[in-house]
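The structure appears right after this line, and notes come after that.
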Amino acid sequence: MADQPEPKKVAPTLLGRKRQKNGVVLGDHRPQLENISRRLFFRQGLSLGALAMLSGCNLQDDTAVDKVLWAMSRWNDRVQALLFDRNRLAPTYRPEDITDPFPFNAFYPEDSAPEIDLLDYRLQVSGLVDKKASWSLDDLRRLPQVSQITQHICIEGWSAIGEWRGAPLSAFLQHVGADMTAKYVGFKCADRYYSSIDMPTAMHPQTILALDFGRVPLPLKYGSPMKLRVPTKLGFKNPKHIVEVFVANDYPGGYWEDQGYNWFSGL
């Protein structure tokens with residue numbers, strides 16, 4: 001695997017820049033993001049929206065301000081976790097609402113997406129689980145499959161609606177004998193991305209290991225052979241090209257989270 005890419009120097013922000021991506025502009029969805037920002041600020045203290053007010057700060061510098069920001073961000077994570085309701089579902093949509101084409105997004109250009117031999121693909125399992133055997137795509141498709149039409153909301157300021165189908169992450173964790181009292185479920189990816197979510201979110205009924213986009217196997221640009229689809233969180237919490245799932249009690253961080261983005265990032 002290649003070396004970790006040089007981190008982009010970015011400041012946490014919920015609304016981001018006004019930009020167009022593959023013809024999709026936030027537009028009518030901007031009030032929704034503003035409502036999210038206000039809700040997190042007033043209900044949880046310091047949110048992504050609040051951190052945007054401090055966008056001049058570099059959260060990677062070892063300064064007193066940075067330490068305070070990191071502490072406040074972690075506190076915000078804890079509050080969001082306490083407010084999270086596993087029974088509350090993200091909105092679902094009709095087939096005619098699907099964004100076509102669905103935009104590509106990553107920290108690299110589309111032609112740099114990693115190509116993986118689907119016949120040789122094996123999902124590795126590690127950490128606090130009883131069964132650490134690897135899984136083929138056929139193994140994953142033998143699990144119960146569910147579909148959803150949900151909205152991807154990007155922290156950069158755009159949104160899109162897509163249809164995903166795959167195995168509930170909760171069913172996968174039960175099959176591998178995961179320690180359900182553990183704090184985190186983490187993901188390592190073939191494109192050098194990495195991320196993690198809390199166990200309650202992992203067990204949410206809409207959190208799935210997506211294998212299909214629409215009616216076809218997941219295309220390369222959307223995360224083939226498998227991506228995490230978690231519609232209760234912002235888009236960067238949906239890693240693609242997953243090659244390993246692990247369960248842990250030690251905080252795993254994430255590619256953008258380690259650069260200052262709020263870790264929980266719930267909607």
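Starting from 1 in every chain, residues are counted up; chains themselves are A, B, ... following the order of the structure tokens, and ligands are numbered from 1 as listed.
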
Identify all residues of stretch 45-251 of chain A in helix (DSSP H, G or I) (DSSP on the backbone) and supply them as a PyMOL selection string.
chain A and resi 48-52+64-83+95-97+110-112+137-141+169-175+199-202+220-222+235-237

Near stretch 89-104 of chain A, counting only C-alpha atoms, which residues have an atom at most 8 Å away, once you skip same-chain residues fewer than 2 positions from it, shown as a PDB file with N, CA, C and O atoms, in the first residue's frame?
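Here's the written file selection-v8.pdb:
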ATOM      1  N   LYS A  21     -20.466  20.448  -8.184  1.00  0.00           N
ATOM      2  CA  LYS A  21     -19.773  19.179  -8.357  1.00  0.00           C
ATOM      3  C   LYS A  21     -20.636  18.290  -9.219  1.00  0.00           C
ATOM      4  O   LYS A  21     -21.695  17.850  -8.816  1.00  0.00           O
ATOM      5  N   ASN A  22     -20.188  18.014 -10.449  1.00  0.00           N
ATOM      6  CA  ASN A  22     -20.929  17.190 -11.394  1.00  0.00           C
ATOM      7  C   ASN A  22     -22.366  17.683 -11.580  1.00  0.00           C
ATOM      8  O   ASN A  22     -23.305  16.905 -11.656  1.00  0.00           O
ATOM      9  N   VAL A  24     -24.265  19.156  -9.433  1.00  0.00           N
ATOM     10  CA  VAL A  24     -25.076  19.153  -8.221  1.00  0.00           C
ATOM     11  C   VAL A  24     -24.652  20.323  -7.343  1.00  0.00           C
ATOM     12  O   VAL A  24     -23.504  20.425  -6.954  1.00  0.00           O
ATOM     13  N   ARG A  86     -31.008   5.389  18.251  1.00  0.00           N
ATOM     14  CA  ARG A  86     -30.897   4.279  17.299  1.00  0.00           C
ATOM     15  C   ARG A  86     -32.208   3.976  16.602  1.00  0.00           C
ATOM     16  O   ARG A  86     -32.225   3.304  15.569  1.00  0.00           O
ATOM     17  N   ASN A  87     -33.311   4.463  17.144  1.00  0.00           N
ATOM     18  CA  ASN A  87     -34.611   4.192  16.544  1.00  0.00           C
ATOM     19  C   ASN A  87     -35.067   5.296  15.589  1.00  0.00           C
ATOM     20  O   ASN A  87     -36.095   5.156  14.923  1.00  0.00           O
ATOM     21  N   ALA A 106     -13.987  12.454  -3.440  1.00  0.00           N
ATOM     22  CA  ALA A 106     -12.868  11.830  -2.743  1.00  0.00           C
ATOM     23  C   ALA A 106     -11.772  12.875  -2.596  1.00  0.00           C
ATOM     24  O   ALA A 106     -11.915  14.006  -3.082  1.00  0.00           O
ATOM     25  N   GLU A 110     -11.097  11.274  -9.913  1.00  0.00           N
ATOM     26  CA  GLU A 110     -11.816  10.024 -10.180  1.00  0.00           C
ATOM     27  C   GLU A 110     -10.946   8.966 -10.835  1.00  0.00           C
ATOM     28  O   GLU A 110     -11.074   7.768 -10.547  1.00  0.00           O
ATOM     29  N   GLN A 148     -31.946   1.077   0.336  1.00  0.00           N
ATOM     30  CA  GLN A 148     -32.396   2.368   0.844  1.00  0.00           C
ATOM     31  C   GLN A 148     -32.147   3.432  -0.218  1.00  0.00           C
ATOM     32  O   GLN A 148     -31.187   3.361  -0.988  1.00  0.00           O
ATOM     33  N   ILE A 149     -33.034   4.416  -0.268  1.00  0.00           N
ATOM     34  CA  ILE A 149     -32.823   5.611  -1.071  1.00  0.00           C
ATOM     35  C   ILE A 149     -32.709   6.765  -0.088  1.00  0.00           C
ATOM     36  O   ILE A 149     -33.708   7.196   0.507  1.00  0.00           O
ATOM     37  N   THR A 150     -31.497   7.221   0.119  1.00  0.00           N
ATOM     38  CA  THR A 150     -31.223   8.212   1.152  1.00  0.00           C
ATOM     39  C   THR A 150     -30.329   9.316   0.607  1.00  0.00           C
ATOM     40  O   THR A 150     -29.758   9.208  -0.481  1.00  0.00           O
ATOM     41  N   GLN A 151     -30.179  10.348   1.393  1.00  0.00           N
ATOM     42  CA  GLN A 151     -29.441  11.534   0.971  1.00  0.00           C
ATOM     43  C   GLN A 151     -28.029  11.553   1.550  1.00  0.00           C
ATOM     44  O   GLN A 151     -27.824  11.309   2.743  1.00  0.00           O
ATOM     45  N   ALA A 160     -26.780  14.935  -2.485  1.00  0.00           N
ATOM     46  CA  ALA A 160     -27.275  14.111  -3.584  1.00  0.00           C
ATOM     47  C   ALA A 160     -28.017  12.925  -2.998  1.00  0.00           C
ATOM     48  O   ALA A 160     -27.724  12.481  -1.881  1.00  0.00           O
ATOM     49  N   ILE A 161     -28.967  12.418  -3.751  1.00  0.00           N
ATOM     50  CA  ILE A 161     -29.776  11.279  -3.315  1.00  0.00           C
ATOM     51  C   ILE A 161     -29.418  10.074  -4.164  1.00  0.00           C
ATOM     52  O   ILE A 161     -29.340  10.160  -5.391  1.00  0.00           O
ATOM     53  N   GLY A 162     -29.163   8.948  -3.515  1.00  0.00           N
ATOM     54  CA  GLY A 162     -28.812   7.733  -4.227  1.00  0.00           C
ATOM     55  C   GLY A 162     -29.484   6.511  -3.627  1.00  0.00           C
ATOM     56  O   GLY A 162     -30.022   6.558  -2.518  1.00  0.00           O
ATOM     57  N   GLU A 163     -29.433   5.415  -4.383  1.00  0.00           N
ATOM     58  CA  GLU A 163     -30.001   4.148  -3.916  1.00  0.00           C
ATOM     59  C   GLU A 163     -28.867   3.151  -3.680  1.00  0.00           C
ATOM     60  O   GLU A 163     -28.062   2.892  -4.569  1.00  0.00           O
ATOM     61  N   GLN A 206     -30.202   1.523   9.420  1.00  0.00           N
ATOM     62  CA  GLN A 206     -29.898   2.071   8.106  1.00  0.00           C
ATOM     63  C   GLN A 206     -28.393   2.088   7.796  1.00  0.00           C
ATOM     64  O   GLN A 206     -28.003   2.502   6.704  1.00  0.00           O
ATOM     65  N   LYS A 221     -16.256   4.180  -9.110  1.00  0.00           N
ATOM     66  CA  LYS A 221     -16.236   5.564  -8.627  1.00  0.00           C
ATOM     67  C   LYS A 221     -17.084   5.772  -7.378  1.00  0.00           C
ATOM     68  O   LYS A 221     -16.926   6.778  -6.685  1.00  0.00           O
ATOM     69  N   TYR A 222     -17.958   4.819  -7.080  1.00  0.00           N
ATOM     70  CA  TYR A 222     -18.787   4.939  -5.889  1.00  0.00           C
ATOM     71  C   TYR A 222     -18.328   4.038  -4.746  1.00  0.00           C
ATOM     72  O   TYR A 222     -19.011   3.917  -3.734  1.00  0.00           O
ATOM     73  N   PRO A 231     -26.533   6.953   6.545  1.00  0.00           N
ATOM     74  CA  PRO A 231     -27.238   8.192   6.232  1.00  0.00           C
ATOM     75  C   PRO A 231     -27.518   9.087   7.426  1.00  0.00           C
ATOM     76  O   PRO A 231     -28.034  10.192   7.239  1.00  0.00           O
ATOM     77  N   THR A 232     -27.195   8.647   8.626  1.00  0.00           N
ATOM     78  CA  THR A 232     -27.390   9.482   9.809  1.00  0.00           C
ATOM     79  C   THR A 232     -26.172  10.353  10.097  1.00  0.00           C
ATOM     80  O   THR A 232     -26.147  11.052  11.108  1.00  0.00           O
TER      81      THR A 232
END

Could you jot down the atom CA of A:Gly166 to atom CA of A:Pro239 separation for me, Å, one decimal place?
14.4 Å

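The environment of A:Pro114 within 12 Å, counting only C-alpha atoms and disregarding residues fewer than 3 places along the same chain, consists of Met1, Ala2, Ala106, Tyr108, Pro109, Glu110, Asp111, Asp117, Leu118, Cys189, Ala190, Asp191, Arg192, Tyr193, Pro219, Leu220, Lys221, Tyr222, Gly223, Ser224, Pro225, Lys240, His241, Ile242 and Val243 of chain A.
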
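With only C-alpha atoms as the atoms that count, the minimum distance from A:His175 to the choices A:Arg88, A:Lys131, A:Arg141, A:Lys233 is reached by A:Lys131.
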
Distance query A:Leu123 at most 9 Å, only C-alpha atoms, self and fewer than 3 positions along chain excluded, as number ranges by chain:
A: 133-137, 242-245

Resulting file, chosen residues, all heavy atoms, as a compact mmCIF listing (two decimals), in the first residue's frame:
# COMPACT_ATOMS: atom_id res chain seq x y z
N ALA A 133 -11.95 -14.60 10.43
CA ALA A 133 -11.79 -15.10 9.06
C ALA A 133 -12.19 -14.00 8.07
O ALA A 133 -13.08 -13.19 8.34
CB ALA A 133 -12.65 -16.34 8.85
N SER A 134 -11.52 -13.98 6.92
CA SER A 134 -11.83 -12.99 5.90
C SER A 134 -13.12 -13.36 5.17
O SER A 134 -13.55 -14.51 5.16
CB SER A 134 -10.67 -12.87 4.92
OG SER A 134 -10.43 -14.12 4.29
N TRP A 135 -13.72 -12.36 4.52
CA TRP A 135 -14.99 -12.53 3.83
C TRP A 135 -14.84 -12.20 2.35
O TRP A 135 -14.29 -11.16 1.99
CB TRP A 135 -16.05 -11.59 4.43
CG TRP A 135 -16.54 -11.99 5.79
CD1 TRP A 135 -15.79 -12.13 6.93
CD2 TRP A 135 -17.88 -12.27 6.15
NE1 TRP A 135 -16.59 -12.48 7.98
CE2 TRP A 135 -17.89 -12.57 7.54
CE3 TRP A 135 -19.09 -12.28 5.46
CZ2 TRP A 135 -19.05 -12.88 8.23
CZ3 TRP A 135 -20.26 -12.60 6.15
CH2 TRP A 135 -20.22 -12.91 7.51
N SER A 136 -15.35 -13.06 1.48
CA SER A 136 -15.42 -12.76 0.05
C SER A 136 -16.70 -11.98 -0.22
O SER A 136 -17.59 -11.87 0.64
CB SER A 136 -15.42 -14.06 -0.77
OG SER A 136 -16.65 -14.76 -0.56
N LEU A 137 -16.83 -11.47 -1.43
CA LEU A 137 -18.06 -10.77 -1.79
C LEU A 137 -19.26 -11.71 -1.77
O LEU A 137 -20.37 -11.32 -1.37
CB LEU A 137 -17.91 -10.13 -3.17
CG LEU A 137 -17.02 -8.88 -3.24
CD1 LEU A 137 -16.88 -8.41 -4.68
CD2 LEU A 137 -17.60 -7.77 -2.36
N ILE A 242 -13.67 -0.41 1.00
CA ILE A 242 -13.29 -0.95 2.32
C ILE A 242 -12.61 -2.31 2.17
O ILE A 242 -13.11 -3.19 1.47
CB ILE A 242 -14.54 -1.07 3.22
CG1 ILE A 242 -15.13 0.32 3.49
CG2 ILE A 242 -14.18 -1.75 4.55
CD1 ILE A 242 -16.46 0.28 4.21
N VAL A 243 -11.48 -2.46 2.86
CA VAL A 243 -10.75 -3.74 2.84
C VAL A 243 -10.62 -4.35 4.23
O VAL A 243 -10.22 -5.51 4.36
CB VAL A 243 -9.36 -3.58 2.20
CG1 VAL A 243 -9.48 -3.21 0.74
CG2 VAL A 243 -8.52 -2.54 2.96
N GLU A 244 -10.95 -3.59 5.27
CA GLU A 244 -10.86 -4.15 6.63
C GLU A 244 -11.86 -3.46 7.53
O GLU A 244 -12.07 -2.24 7.46
CB GLU A 244 -9.45 -3.97 7.20
CG GLU A 244 -9.29 -4.56 8.59
CD GLU A 244 -7.87 -4.46 9.14
OE1 GLU A 244 -6.94 -4.17 8.34
OE2 GLU A 244 -7.68 -4.67 10.36
N VAL A 245 -12.51 -4.26 8.37
CA VAL A 245 -13.39 -3.77 9.42
C VAL A 245 -12.81 -4.23 10.76
O VAL A 245 -12.44 -5.40 10.89
CB VAL A 245 -14.83 -4.30 9.26
CG1 VAL A 245 -15.70 -3.87 10.43
CG2 VAL A 245 -15.44 -3.83 7.94

If you count only C-alpha atoms, which residues fall within 8 Å of A:Pro205, apart from same-chain ones fewer than 3 positions away, as a PyMOL selection string?
chain A and resi 86+168+170+208

Can you write just those residues out, N, CA, C and O atoms, as a PDB file, in the first residue's frame?
ATOM      1  N   ARG A  86     -31.008   5.389  18.251  1.00  0.00           N
ATOM      2  CA  ARG A  86     -30.897   4.279  17.299  1.00  0.00           C
ATOM      3  C   ARG A  86     -32.208   3.976  16.602  1.00  0.00           C
ATOM      4  O   ARG A  86     -32.225   3.304  15.569  1.00  0.00           O
ATOM      5  N   PRO A 168     -26.834  -5.153   6.322  1.00  0.00           N
ATOM      6  CA  PRO A 168     -26.765  -4.323   7.516  1.00  0.00           C
ATOM      7  C   PRO A 168     -25.465  -4.588   8.281  1.00  0.00           C
ATOM      8  O   PRO A 168     -25.085  -5.744   8.476  1.00  0.00           O
ATOM      9  N   SER A 170     -24.997  -4.274  11.307  1.00  0.00           N
ATOM     10  CA  SER A 170     -25.329  -4.973  12.552  1.00  0.00           C
ATOM     11  C   SER A 170     -25.319  -6.490  12.348  1.00  0.00           C
ATOM     12  O   SER A 170     -24.816  -7.237  13.197  1.00  0.00           O
ATOM     13  N   ILE A 208     -25.350   0.330   6.531  1.00  0.00           N
ATOM     14  CA  ILE A 208     -25.151  -0.901   5.753  1.00  0.00           C
ATOM     15  C   ILE A 208     -23.763  -0.937   5.103  1.00  0.00           C
ATOM     16  O   ILE A 208     -23.130   0.102   4.895  1.00  0.00           O
TER      17      ILE A 208
END

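Using only C-alpha atoms, the shortest contact distance between A:Leu267 and any of A:Lys227, A:Lys237, A:Arg165, A:Arg122 is found at A:Lys237.
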
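Candidate residues A:Ile197, A:Leu218, A:Ala171, A:Val176 were compared for distance to A:Val129, and the nearest is A:Val176, using only C-alpha atoms.
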
Name all residues at most 12 Å from A:Leu173 (count only C-alpha atoms; drop same-chain ones fewer than 5 positions away) and give them as a PyMOL selection string.
chain A and resi 125-132+140+143+167-168+178-182+184-186+199-200+202-204+207-209+245-247

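You will find atom CA of A:Gln124 at 9.4 Å from atom CA of A:Lys188.
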